[in-house]
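Structure file protein.txt with compact mmCIF, C-alpha atoms:
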```txt
# COMPACT_ATOMS: atom_id res chain seq x y z
CA MET A 1 -22.09 -16.21 14.30
CA GLY A 2 -24.99 -17.02 12.00
CA SER A 3 -24.07 -14.42 9.38
CA ASP A 4 -21.14 -13.37 7.23
CA LYS A 5 -18.75 -11.50 9.54
CA ALA A 6 -17.29 -9.55 6.63
CA LEU A 7 -20.66 -7.86 6.12
CA LEU A 8 -21.26 -6.85 9.76
CA GLU A 9 -21.69 -3.10 10.29
CA PHE A 10 -18.98 -1.08 12.00
CA ARG A 11 -18.98 2.72 12.12
CA GLY A 12 -21.21 3.02 9.09
CA GLN A 13 -19.44 0.46 6.93
CA THR A 14 -19.00 -3.28 6.82
CA LEU A 15 -16.00 -4.94 8.44
CA LEU A 16 -14.79 -5.80 4.95
CA GLU A 17 -15.08 -2.18 3.79
CA ARG A 18 -13.16 -1.12 6.89
CA ALA A 19 -10.34 -3.63 6.27
CA VAL A 20 -10.13 -2.64 2.60
CA GLY A 21 -10.01 1.03 3.62
CA VAL A 22 -7.14 0.42 6.05
CA MET A 23 -5.17 -1.38 3.34
CA HIS A 24 -5.85 1.48 0.90
CA ASP A 25 -4.72 4.00 3.56
CA ILE A 26 -1.24 2.52 3.46
CA SER A 27 -1.26 1.86 -0.28
CA LEU A 28 -0.87 -1.88 0.00
CA ASP A 29 -1.86 -4.15 -2.85
CA PHE A 30 -4.21 -6.68 -1.37
CA ALA A 31 -6.41 -9.62 -2.15
CA ILE A 32 -9.50 -10.81 -0.35
CA VAL A 33 -9.64 -14.51 0.36
CA GLY A 34 -13.18 -15.74 -0.13
CA ASP A 35 -16.00 -16.27 -2.57
CA PRO A 36 -15.57 -14.10 -5.70
CA SER A 37 -19.33 -13.96 -6.26
CA LYS A 38 -19.72 -12.23 -2.86
CA TYR A 39 -16.63 -10.05 -2.65
CA ALA A 40 -15.51 -9.16 -6.20
CA GLY A 41 -16.92 -5.65 -5.81
CA TYR A 42 -14.39 -4.93 -3.05
CA GLY A 43 -11.19 -5.89 -4.88
CA THR A 44 -9.23 -8.86 -6.14
CA VAL A 45 -10.58 -12.09 -4.67
CA VAL A 46 -8.67 -15.34 -4.26
CA GLN A 47 -10.39 -18.62 -3.44
CA ASP A 48 -9.05 -21.16 -0.95
CA ALA A 49 -7.38 -24.16 -2.55
CA PHE A 50 -8.38 -25.96 0.68
CA PRO A 51 -11.95 -24.76 1.36
CA GLY A 52 -13.32 -25.32 4.84
CA CYS A 53 -9.86 -25.69 6.40
CA GLY A 54 -9.84 -22.44 8.34
CA PRO A 55 -7.54 -19.43 8.45
CA LEU A 56 -4.40 -21.38 7.52
CA ALA A 57 -6.02 -22.14 4.17
CA GLY A 58 -6.71 -18.44 3.71
CA ILE A 59 -3.09 -17.55 4.43
CA HIS A 60 -1.98 -20.24 1.99
CA ALA A 61 -4.30 -18.94 -0.75
CA ALA A 62 -3.12 -15.36 -0.26
CA LEU A 63 0.56 -16.28 -0.32
CA ARG A 64 0.17 -18.51 -3.38
CA GLN A 65 -1.29 -15.66 -5.44
CA SER A 66 1.08 -12.98 -4.16
CA GLU A 67 4.15 -11.76 -5.99
CA ALA A 68 5.42 -9.85 -2.95
CA GLU A 69 8.03 -11.31 -0.60
CA LEU A 70 6.44 -9.79 2.52
CA ASN A 71 2.66 -10.16 2.87
CA PHE A 72 0.52 -8.60 5.57
CA VAL A 73 -2.38 -10.86 6.56
CA LEU A 74 -5.36 -9.18 8.21
CA ALA A 75 -8.50 -10.91 9.39
CA VAL A 76 -11.63 -9.03 8.42
CA ASP A 77 -13.04 -9.48 11.93
CA MET A 78 -10.40 -7.32 13.66
CA PRO A 79 -12.07 -3.90 13.46
CA PHE A 80 -9.57 -1.97 15.59
CA VAL A 81 -6.45 -2.72 13.56
CA THR A 82 -5.18 0.63 12.33
CA SER A 83 -2.96 1.66 9.46
CA ASP A 84 -0.39 2.76 12.09
CA LEU A 85 -0.32 -0.74 13.57
CA ILE A 86 0.11 -2.31 10.13
CA ARG A 87 2.92 0.13 9.31
CA TYR A 88 4.60 -0.73 12.60
CA ILE A 89 4.50 -4.49 12.00
CA LEU A 90 5.66 -4.01 8.41
CA GLY A 91 8.55 -1.91 9.72
CA VAL A 92 9.59 -4.66 12.11
CA SER A 93 9.35 -7.11 9.18
CA ALA A 94 11.57 -4.98 6.98
CA ASP A 95 14.29 -5.18 9.64
CA SER A 96 13.98 -8.95 10.04
CA ASP A 97 14.70 -11.98 7.91
CA ALA A 98 12.08 -14.01 9.80
CA THR A 99 9.55 -16.01 7.81
CA VAL A 100 6.75 -14.76 10.09
CA VAL A 101 6.52 -11.53 12.08
CA LEU A 102 3.57 -11.50 14.42
CA PRO A 103 2.33 -9.72 17.51
CA ARG A 104 1.71 -11.46 20.81
CA ASN A 105 -0.48 -9.76 23.37
CA GLY A 106 -2.32 -10.89 26.49
CA ARG A 107 -4.45 -13.24 24.39
CA GLY A 108 -1.47 -14.89 22.71
CA PHE A 109 -0.21 -14.86 19.14
CA GLN A 110 -2.09 -12.76 16.60
CA PRO A 111 -1.44 -14.75 13.40
CA LEU A 112 -4.19 -12.95 11.49
CA CYS A 113 -2.55 -9.57 11.94
CA ALA A 114 0.93 -10.56 10.86
CA VAL A 115 3.48 -10.56 8.07
CA TYR A 116 4.34 -13.77 6.22
CA ARG A 117 7.04 -14.32 3.66
CA ARG A 118 5.83 -16.03 0.51
CA SER A 119 7.89 -19.11 1.42
CA PHE A 120 5.46 -19.83 4.30
CA ALA A 121 2.98 -21.05 1.66
CA GLY A 122 4.94 -24.29 1.27
CA SER A 123 4.77 -25.12 4.97
CA ALA A 124 1.11 -24.16 5.05
CA GLU A 125 0.31 -26.41 2.09
CA GLU A 126 2.16 -29.34 3.61
CA ALA A 127 0.23 -28.94 6.87
CA LEU A 128 -3.11 -28.55 5.07
CA ARG A 129 -2.50 -31.69 3.01
CA ALA A 130 -1.75 -33.55 6.26
CA GLY A 131 -5.04 -32.32 7.79
CA LYS A 132 -3.27 -30.01 10.26
CA TYR A 133 -5.00 -26.64 10.35
CA LYS A 134 -3.43 -24.87 13.36
CA ILE A 135 -1.38 -21.87 12.30
CA ASP A 136 0.53 -21.66 15.60
CA ALA A 137 1.80 -25.23 15.19
CA LEU A 138 3.80 -24.14 12.13
CA PHE A 139 5.69 -21.48 14.07
CA ALA A 140 7.88 -24.17 15.64
CA THR A 141 9.21 -25.01 12.17
CA ALA A 142 9.61 -21.45 10.87
CA SER A 143 11.81 -18.49 11.66
CA VAL A 144 9.53 -16.25 13.73
CA ARG A 145 9.97 -12.72 15.05
CA VAL A 146 7.47 -12.09 17.82
CA VAL A 147 6.47 -8.51 18.54
CA GLU A 148 5.77 -8.76 22.27
CA ALA A 149 3.08 -6.89 24.20
CA ALA A 150 5.63 -4.58 25.88
CA GLU A 151 7.05 -3.56 22.50
CA LEU A 152 3.54 -2.96 21.16
CA SER A 153 2.63 -0.92 24.23
CA ALA A 154 5.78 1.20 23.91
CA ALA A 155 4.74 1.94 20.33
CA GLY A 156 1.26 3.03 21.45
CA PHE A 157 -0.78 -0.12 20.74
CA ASP A 158 -2.82 -2.25 23.13
CA ASP A 159 -5.04 -5.32 23.35
CA ARG A 160 -8.00 -3.40 21.92
CA ASN A 161 -6.22 -3.19 18.56
CA PHE A 162 -6.43 -6.99 18.36
CA PHE A 163 -10.09 -7.33 19.37
CA ASN A 164 -11.64 -10.12 17.32
CA VAL A 165 -15.34 -10.59 16.53
CA ASN A 166 -16.18 -14.31 16.73
CA THR A 167 -19.47 -14.46 18.61
CA LEU A 168 -22.63 -12.43 19.12
CA ASP A 169 -21.23 -11.38 22.51
CA ASP A 170 -18.11 -10.09 20.72
CA LEU A 171 -20.34 -8.18 18.33
CA GLN A 172 -22.10 -6.50 21.25
CA SER A 173 -18.75 -5.69 22.86
CA MET A 174 -17.52 -4.21 19.58
CA GLN A 175 -20.57 -1.95 19.43
CA LYS A 176 -19.88 -0.74 23.00
CA ILE A 177 -16.24 -0.04 22.20
CA GLN A 178 -17.41 1.65 19.01
CA THR A 179 -19.71 3.95 20.97
CA ARG A 180 -17.00 4.89 23.49
CA SER A 181 -14.35 5.55 20.84
CA LYS A 182 -16.31 7.86 18.50
```
Take the structure in the file and give it back as C-alpha cells.
Amino acid sequence: MGSDKALLEFRGQTLLERAVGVMHDISLDFAIVGDPSKYAGYGTVVQDAFPGCGPLAGIHAALRQSEAELNFVLAVDMPFVTSDLIRYILGVSADSDATVVLPRNGRGFQPLCAVYRRSFAGSAEEALRAGKYKIDALFATASVRVVEAAELSAAGFDDRNFFNVNTLDDLQSMQKIQTRSK
C-alpha cells in the first residue's frame, strides 16, 4: 500500500478511529495490536510477540493479553464492519462452544472479523513457532462454527460488510462506496 492503512481517511476519520469507534459503540474492551509509539493515543496497544509474521501473529498477541474467553478480532482495514454485524457474530458465539466463530462469504473465510476463544492462542503460537502463518490452516485443527453467507444475508449483511482495503485500487473502490453510501 505504501502507507499505514490504519491512518487512511474514511468518512472524516482514520480507519483506526473508525474501528475504535465501532468497538466503543458496543462497549467492548479492546486492544490494538501494533506499535505503541504510533497507536497509544487510541487505546491499549499490544505488540506482536512474532513481529512480521502477519495477521496470525496479531491474533496471537491479542489473545495472549486478553482476560476474556471470547475475543472479537477486527482488522482495521475493514471499514464497512458495523456494530450490528459484530453483535450478530458475538451472539452466534455465545450460543456455540466452538473455538472460532467466523463468517464465510463469497470471498471465503473472514478470519479478521471473527470471534476466537482464548485457547486459540496456543495453536497460533505453535504454528508461528513452526513458521506457519496461515490462519485458515489452523481451522482444520480447531472447533469452528462458520456463519455462512446465506445466514449473514438473512440477518441483513452482505459482502460489502467484509470489504477489505489491501491495495490502492481497493482504496479507490472504498472511496466510491463511501460516496454512494453517505
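If you measure from each of A:Ile26, A:Ala62, A:Val100, A:Ala6 to Lys38 of chain A using all atoms listed in the file, the closest one turns out to be A:Ala6.
Residues in contact range of segment 90-97 of chain A, defined as at most 10 Å between all atoms listed in the file, with sequence neighbours fewer than 5 positions away removed, read Leu70, Asn71, Phe72, Asp84, Leu85, Leu102, Ala114, Val115, Tyr116, Arg117, Ser143, Val144, Arg145, Val146 and Val147 of chain A.
The coordinates place atom CA of Ala137 of chain A at 13.1 Å from atom CA of Gln110 of chain A.
Note that the spacing between atom CA of Ala154 of chain A and atom CA of Pro79 of chain A amounts to 21.3 Å.
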- request: In Å, rounded to a single decimal, give me how far atom CA of Ala127 of chain A is from atom CA of Val20 of chain A.
  value: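 Going from atom CA of Val20 of chain A over to atom CA of Ala127 of chain A, I get 28.6 Å.
Closest approach to Ile135 of chain A among A:Gly106, A:Ala57, A:Gly41, A:Leu7 is made by A:Ala57 (distances from only C-alpha atoms).
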Selected residue, from A:Asn161, A:Ser83, A:Ser123, A:Gln47, that lies nearest to Ser27 of chain A when counting only C-alpha atoms: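 Using only C-alpha atoms, Ser27 of chain A sits closest to A:Ser83.
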query: Could you name the residues that touch segment 130-133 of chain A at 7 Å or less, counting all atoms listed in the file, but leaving out those on the same chain fewer than 5 positions away, as a VMD selection string?
result: chain A and resid 53 to 54 56
- prompt: Got a sec: who's within 10 Å of segment 14-19 of chain A, counting only C-alpha atoms, leaving out chain neighbours fewer than 3 positions off, as a ChimeraX atom specification?
  reply: /A:4-11,22-25,32,39,42,74-83,165
Residues of the last selection are to be written out with C-alpha atoms, as a PDB file, in the frame of the given file.
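out-v8.pdb written:
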```pdb
ATOM      1  CA  ASP A   4     -21.140 -13.370   7.230  1.00  0.00           C
ATOM      2  CA  LYS A   5     -18.750 -11.500   9.540  1.00  0.00           C
ATOM      3  CA  ALA A   6     -17.290  -9.550   6.630  1.00  0.00           C
ATOM      4  CA  LEU A   7     -20.660  -7.860   6.120  1.00  0.00           C
ATOM      5  CA  LEU A   8     -21.260  -6.850   9.760  1.00  0.00           C
ATOM      6  CA  GLU A   9     -21.690  -3.100  10.290  1.00  0.00           C
ATOM      7  CA  PHE A  10     -18.980  -1.080  12.000  1.00  0.00           C
ATOM      8  CA  ARG A  11     -18.980   2.720  12.120  1.00  0.00           C
ATOM      9  CA  VAL A  22      -7.140   0.420   6.050  1.00  0.00           C
ATOM     10  CA  MET A  23      -5.170  -1.380   3.340  1.00  0.00           C
ATOM     11  CA  HIS A  24      -5.850   1.480   0.900  1.00  0.00           C
ATOM     12  CA  ASP A  25      -4.720   4.000   3.560  1.00  0.00           C
ATOM     13  CA  ILE A  32      -9.500 -10.810  -0.350  1.00  0.00           C
ATOM     14  CA  TYR A  39     -16.630 -10.050  -2.650  1.00  0.00           C
ATOM     15  CA  TYR A  42     -14.390  -4.930  -3.050  1.00  0.00           C
ATOM     16  CA  LEU A  74      -5.360  -9.180   8.210  1.00  0.00           C
ATOM     17  CA  ALA A  75      -8.500 -10.910   9.390  1.00  0.00           C
ATOM     18  CA  VAL A  76     -11.630  -9.030   8.420  1.00  0.00           C
ATOM     19  CA  ASP A  77     -13.040  -9.480  11.930  1.00  0.00           C
ATOM     20  CA  MET A  78     -10.400  -7.320  13.660  1.00  0.00           C
ATOM     21  CA  PRO A  79     -12.070  -3.900  13.460  1.00  0.00           C
ATOM     22  CA  PHE A  80      -9.570  -1.970  15.590  1.00  0.00           C
ATOM     23  CA  VAL A  81      -6.450  -2.720  13.560  1.00  0.00           C
ATOM     24  CA  THR A  82      -5.180   0.630  12.330  1.00  0.00           C
ATOM     25  CA  SER A  83      -2.960   1.660   9.460  1.00  0.00           C
ATOM     26  CA  VAL A 165     -15.340 -10.590  16.530  1.00  0.00           C
TER      27      VAL A 165
END
```
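Candidate residues A:Arg104, A:Arg64, A:Arg118, A:Arg87 were compared for distance to Ser153 of chain A, and the nearest is A:Arg104, using only C-alpha atoms.
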message: With distances taken over all atoms listed in the file, which residue among A:Thr141, A:Asn105, A:Ser37, A:Gln65 lies nearest Glu126 of chain A?
response: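 Once distances to Glu126 of chain A are computed over all atoms listed in the file, the minimum belongs to A:Thr141.
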message: Could you check the closest approach to Leu63 of chain A for each of A:Ala40, A:Val33, A:Val46, A:Ala121 and tell me which residue wins, using all atoms listed in the file?
response: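 Looking at the shortest contact to Leu63 of chain A, the residue is A:Ala121.
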Put a box with edges along x, y and z around all the listed atoms of segment 153-162 of chain A, pad it by 3 Å on each side, then give me its centre and sizes in Å, one decimal, as AutoDock Vina command-line options.
```
--center_x -1.1 --center_y -2.0 --center_z 21.3 --size_x 19.8 --size_y 16.0 --size_z 11.9
```
Keeping just C-alpha atoms, export segment 14-157 of chain A of this structure as a PDB file, in the first residue's frame.
```pdb
ATOM      1  CA  THR A  14      -8.919   7.271  10.013  1.00  0.00           C
ATOM      2  CA  LEU A  15      -9.664   3.580   9.605  1.00  0.00           C
ATOM      3  CA  LEU A  16      -8.264   3.068  13.091  1.00  0.00           C
ATOM      4  CA  GLU A  17     -10.546   5.738  14.573  1.00  0.00           C
ATOM      5  CA  ARG A  18     -13.482   4.087  12.809  1.00  0.00           C
ATOM      6  CA  ALA A  19     -12.629   0.619  14.178  1.00  0.00           C
ATOM      7  CA  VAL A  20     -12.130   2.015  17.687  1.00  0.00           C
ATOM      8  CA  GLY A  21     -15.474   3.824  17.409  1.00  0.00           C
ATOM      9  CA  VAL A  22     -17.297   0.642  16.390  1.00  0.00           C
ATOM     10  CA  MET A  23     -15.810  -1.206  19.365  1.00  0.00           C
ATOM     11  CA  HIS A  24     -16.829   1.649  21.686  1.00  0.00           C
ATOM     12  CA  ASP A  25     -20.367   1.576  20.206  1.00  0.00           C
ATOM     13  CA  ILE A  26     -20.842  -1.921  21.564  1.00  0.00           C
ATOM     14  CA  SER A  27     -18.909  -1.310  24.778  1.00  0.00           C
ATOM     15  CA  LEU A  28     -16.242  -3.902  24.106  1.00  0.00           C
ATOM     16  CA  ASP A  29     -12.902  -3.738  25.857  1.00  0.00           C
ATOM     17  CA  PHE A  30     -10.316  -3.838  23.124  1.00  0.00           C
ATOM     18  CA  ALA A  31      -6.638  -3.696  22.406  1.00  0.00           C
ATOM     19  CA  ILE A  32      -4.878  -2.517  19.291  1.00  0.00           C
ATOM     20  CA  VAL A  33      -2.150  -4.792  18.015  1.00  0.00           C
ATOM     21  CA  GLY A  34       0.723  -2.694  16.734  1.00  0.00           C
ATOM     22  CA  ASP A  35       3.421  -0.219  17.605  1.00  0.00           C
ATOM     23  CA  PRO A  36       2.673   1.558  20.909  1.00  0.00           C
ATOM     24  CA  SER A  37       4.588   4.654  19.809  1.00  0.00           C
ATOM     25  CA  LYS A  38       2.137   5.078  16.893  1.00  0.00           C
ATOM     26  CA  TYR A  39      -1.161   3.960  18.378  1.00  0.00           C
ATOM     27  CA  ALA A  40      -1.077   4.578  22.158  1.00  0.00           C
ATOM     28  CA  GLY A  41      -3.316   7.623  21.763  1.00  0.00           C
ATOM     29  CA  TYR A  42      -6.142   5.396  20.511  1.00  0.00           C
ATOM     30  CA  GLY A  43      -6.249   2.879  23.363  1.00  0.00           C
ATOM     31  CA  THR A  44      -4.381  -0.045  24.859  1.00  0.00           C
ATOM     32  CA  VAL A  45      -1.725  -1.316  22.466  1.00  0.00           C
ATOM     33  CA  VAL A  46      -0.233  -4.803  22.404  1.00  0.00           C
ATOM     34  CA  GLN A  47       2.885  -5.650  20.416  1.00  0.00           C
ATOM     35  CA  ASP A  48       3.314  -8.833  18.384  1.00  0.00           C
ATOM     36  CA  ALA A  49       5.473 -11.460  20.050  1.00  0.00           C
ATOM     37  CA  PHE A  50       6.169 -12.620  16.470  1.00  0.00           C
ATOM     38  CA  PRO A  51       6.694  -9.374  14.513  1.00  0.00           C
ATOM     39  CA  GLY A  52       6.490  -9.578  10.743  1.00  0.00           C
ATOM     40  CA  CYS A  53       4.527 -12.840  10.793  1.00  0.00           C
ATOM     41  CA  GLY A  54       1.221 -11.444   9.584  1.00  0.00           C
ATOM     42  CA  PRO A  55      -2.313 -11.446  10.952  1.00  0.00           C
ATOM     43  CA  LEU A  56      -1.948 -14.738  12.823  1.00  0.00           C
ATOM     44  CA  ALA A  57       0.701 -13.074  14.988  1.00  0.00           C
ATOM     45  CA  GLY A  58      -1.717 -10.236  15.684  1.00  0.00           C
ATOM     46  CA  ILE A  59      -4.450 -12.652  16.737  1.00  0.00           C
ATOM     47  CA  HIS A  60      -1.938 -14.447  18.962  1.00  0.00           C
ATOM     48  CA  ALA A  61      -0.823 -11.188  20.600  1.00  0.00           C
ATOM     49  CA  ALA A  62      -4.409 -10.098  21.239  1.00  0.00           C
ATOM     50  CA  LEU A  63      -5.436 -13.430  22.731  1.00  0.00           C
ATOM     51  CA  ARG A  64      -2.337 -13.643  24.939  1.00  0.00           C
ATOM     52  CA  GLN A  65      -3.112 -10.304  26.588  1.00  0.00           C
ATOM     53  CA  SER A  66      -6.856 -10.857  26.896  1.00  0.00           C
ATOM     54  CA  GLU A  67      -8.625 -11.986  30.035  1.00  0.00           C
ATOM     55  CA  ALA A  68     -11.891 -12.633  28.177  1.00  0.00           C
ATOM     56  CA  GLU A  69     -12.877 -16.099  26.980  1.00  0.00           C
ATOM     57  CA  LEU A  70     -14.480 -14.813  23.764  1.00  0.00           C
ATOM     58  CA  ASN A  71     -12.491 -12.246  21.771  1.00  0.00           C
ATOM     59  CA  PHE A  72     -13.699 -10.408  18.701  1.00  0.00           C
ATOM     60  CA  VAL A  73     -10.876  -9.801  16.212  1.00  0.00           C
ATOM     61  CA  LEU A  74     -11.378  -6.971  13.727  1.00  0.00           C
ATOM     62  CA  ALA A  75      -8.933  -5.914  11.050  1.00  0.00           C
ATOM     63  CA  VAL A  76      -8.542  -2.165  10.858  1.00  0.00           C
ATOM     64  CA  ASP A  77      -8.818  -2.288   7.066  1.00  0.00           C
ATOM     65  CA  MET A  78     -12.455  -3.474   7.007  1.00  0.00           C
ATOM     66  CA  PRO A  79     -14.269  -0.120   7.004  1.00  0.00           C
ATOM     67  CA  PHE A  80     -17.809  -1.444   6.486  1.00  0.00           C
ATOM     68  CA  VAL A  81     -17.969  -3.729   9.520  1.00  0.00           C
ATOM     69  CA  THR A  82     -20.765  -2.390  11.693  1.00  0.00           C
ATOM     70  CA  SER A  83     -21.585  -2.709  15.354  1.00  0.00           C
ATOM     71  CA  ASP A  84     -24.678  -4.712  14.303  1.00  0.00           C
ATOM     72  CA  LEU A  85     -22.502  -7.232  12.460  1.00  0.00           C
ATOM     73  CA  ILE A  86     -20.183  -7.573  15.455  1.00  0.00           C
ATOM     74  CA  ARG A  87     -23.160  -8.059  17.783  1.00  0.00           C
ATOM     75  CA  TYR A  88     -24.533 -10.715  15.445  1.00  0.00           C
ATOM     76  CA  ILE A  89     -21.282 -12.705  15.340  1.00  0.00           C
ATOM     77  CA  LEU A  90     -20.881 -12.356  19.110  1.00  0.00           C
ATOM     78  CA  GLY A  91     -24.435 -13.656  19.526  1.00  0.00           C
ATOM     79  CA  VAL A  92     -23.654 -16.709  17.417  1.00  0.00           C
ATOM     80  CA  SER A  93     -20.506 -17.204  19.524  1.00  0.00           C
ATOM     81  CA  ALA A  94     -22.433 -17.048  22.775  1.00  0.00           C
ATOM     82  CA  ASP A  95     -24.600 -19.946  21.549  1.00  0.00           C
ATOM     83  CA  SER A  96     -21.617 -22.049  20.466  1.00  0.00           C
ATOM     84  CA  ASP A  97     -18.774 -23.822  22.187  1.00  0.00           C
ATOM     85  CA  ALA A  98     -16.612 -23.528  19.066  1.00  0.00           C
ATOM     86  CA  THR A  99     -13.057 -22.258  19.428  1.00  0.00           C
ATOM     87  CA  VAL A 100     -13.542 -19.991  16.397  1.00  0.00           C
ATOM     88  CA  VAL A 101     -16.732 -18.433  15.031  1.00  0.00           C
ATOM     89  CA  LEU A 102     -16.204 -16.778  11.686  1.00  0.00           C
ATOM     90  CA  PRO A 103     -18.168 -15.603   8.687  1.00  0.00           C
ATOM     91  CA  ARG A 104     -17.727 -17.030   5.215  1.00  0.00           C
ATOM     92  CA  ASN A 105     -18.976 -15.031   2.268  1.00  0.00           C
ATOM     93  CA  GLY A 106     -18.359 -15.127  -1.482  1.00  0.00           C
ATOM     94  CA  ARG A 107     -14.681 -14.335  -0.899  1.00  0.00           C
ATOM     95  CA  GLY A 108     -14.187 -17.142   1.618  1.00  0.00           C
ATOM     96  CA  PHE A 109     -13.486 -17.144   5.337  1.00  0.00           C
ATOM     97  CA  GLN A 110     -13.281 -13.797   7.109  1.00  0.00           C
ATOM     98  CA  PRO A 111     -10.821 -14.621   9.921  1.00  0.00           C
ATOM     99  CA  LEU A 112     -10.193 -10.958  10.720  1.00  0.00           C
ATOM    100  CA  CYS A 113     -13.834 -10.323  11.558  1.00  0.00           C
ATOM    101  CA  ALA A 114     -14.334 -13.273  13.864  1.00  0.00           C
ATOM    102  CA  VAL A 115     -14.524 -14.483  17.438  1.00  0.00           C
ATOM    103  CA  TYR A 116     -11.704 -16.546  18.943  1.00  0.00           C
ATOM    104  CA  ARG A 117     -11.621 -18.252  22.297  1.00  0.00           C
ATOM    105  CA  ARG A 118      -8.501 -17.516  24.304  1.00  0.00           C
ATOM    106  CA  SER A 119      -7.401 -21.144  23.901  1.00  0.00           C
ATOM    107  CA  PHE A 120      -6.738 -20.485  20.185  1.00  0.00           C
ATOM    108  CA  ALA A 121      -3.583 -18.617  21.266  1.00  0.00           C
ATOM    109  CA  GLY A 122      -1.822 -21.927  21.951  1.00  0.00           C
ATOM    110  CA  SER A 123      -2.473 -23.262  18.455  1.00  0.00           C
ATOM    111  CA  ALA A 124      -1.489 -19.933  16.961  1.00  0.00           C
ATOM    112  CA  GLU A 125       1.786 -19.867  18.889  1.00  0.00           C
ATOM    113  CA  GLU A 126       2.630 -23.419  17.873  1.00  0.00           C
ATOM    114  CA  ALA A 127       2.028 -22.573  14.205  1.00  0.00           C
ATOM    115  CA  LEU A 128       4.011 -19.324  14.427  1.00  0.00           C
ATOM    116  CA  ARG A 129       6.976 -21.104  16.023  1.00  0.00           C
ATOM    117  CA  ALA A 130       6.863 -23.629  13.164  1.00  0.00           C
ATOM    118  CA  GLY A 131       6.908 -20.799  10.586  1.00  0.00           C
ATOM    119  CA  LYS A 132       3.303 -21.434   9.522  1.00  0.00           C
ATOM    120  CA  TYR A 133       1.439 -18.146   9.230  1.00  0.00           C
ATOM    121  CA  LYS A 134      -1.843 -19.088   7.502  1.00  0.00           C
ATOM    122  CA  ILE A 135      -4.813 -18.593   9.803  1.00  0.00           C
ATOM    123  CA  ASP A 136      -7.135 -20.795   7.730  1.00  0.00           C
ATOM    124  CA  ALA A 137      -4.786 -23.769   8.081  1.00  0.00           C
ATOM    125  CA  LEU A 138      -5.458 -23.836  11.829  1.00  0.00           C
ATOM    126  CA  PHE A 139      -9.209 -24.211  11.335  1.00  0.00           C
ATOM    127  CA  ALA A 140      -8.732 -27.892  10.463  1.00  0.00           C
ATOM    128  CA  THR A 141      -7.412 -28.485  13.986  1.00  0.00           C
ATOM    129  CA  ALA A 142      -9.934 -26.332  15.872  1.00  0.00           C
ATOM    130  CA  SER A 143     -13.636 -26.473  16.586  1.00  0.00           C
ATOM    131  CA  VAL A 144     -15.075 -23.957  14.118  1.00  0.00           C
ATOM    132  CA  ARG A 145     -18.577 -22.546  13.693  1.00  0.00           C
ATOM    133  CA  VAL A 146     -18.900 -20.997  10.253  1.00  0.00           C
ATOM    134  CA  VAL A 147     -21.518 -18.313   9.746  1.00  0.00           C
ATOM    135  CA  GLU A 148     -22.380 -18.911   6.097  1.00  0.00           C
ATOM    136  CA  ALA A 149     -23.283 -16.265   3.512  1.00  0.00           C
ATOM    137  CA  ALA A 150     -26.965 -17.282   3.479  1.00  0.00           C
ATOM    138  CA  GLU A 151     -27.189 -16.865   7.259  1.00  0.00           C
ATOM    139  CA  LEU A 152     -25.464 -13.482   7.029  1.00  0.00           C
ATOM    140  CA  SER A 153     -27.788 -12.395   4.234  1.00  0.00           C
ATOM    141  CA  ALA A 154     -30.873 -13.452   6.207  1.00  0.00           C
ATOM    142  CA  ALA A 155     -29.604 -11.282   9.064  1.00  0.00           C
ATOM    143  CA  GLY A 156     -29.205  -8.277   6.734  1.00  0.00           C
ATOM    144  CA  PHE A 157     -25.459  -8.406   5.995  1.00  0.00           C
TER     145      PHE A 157
END
```
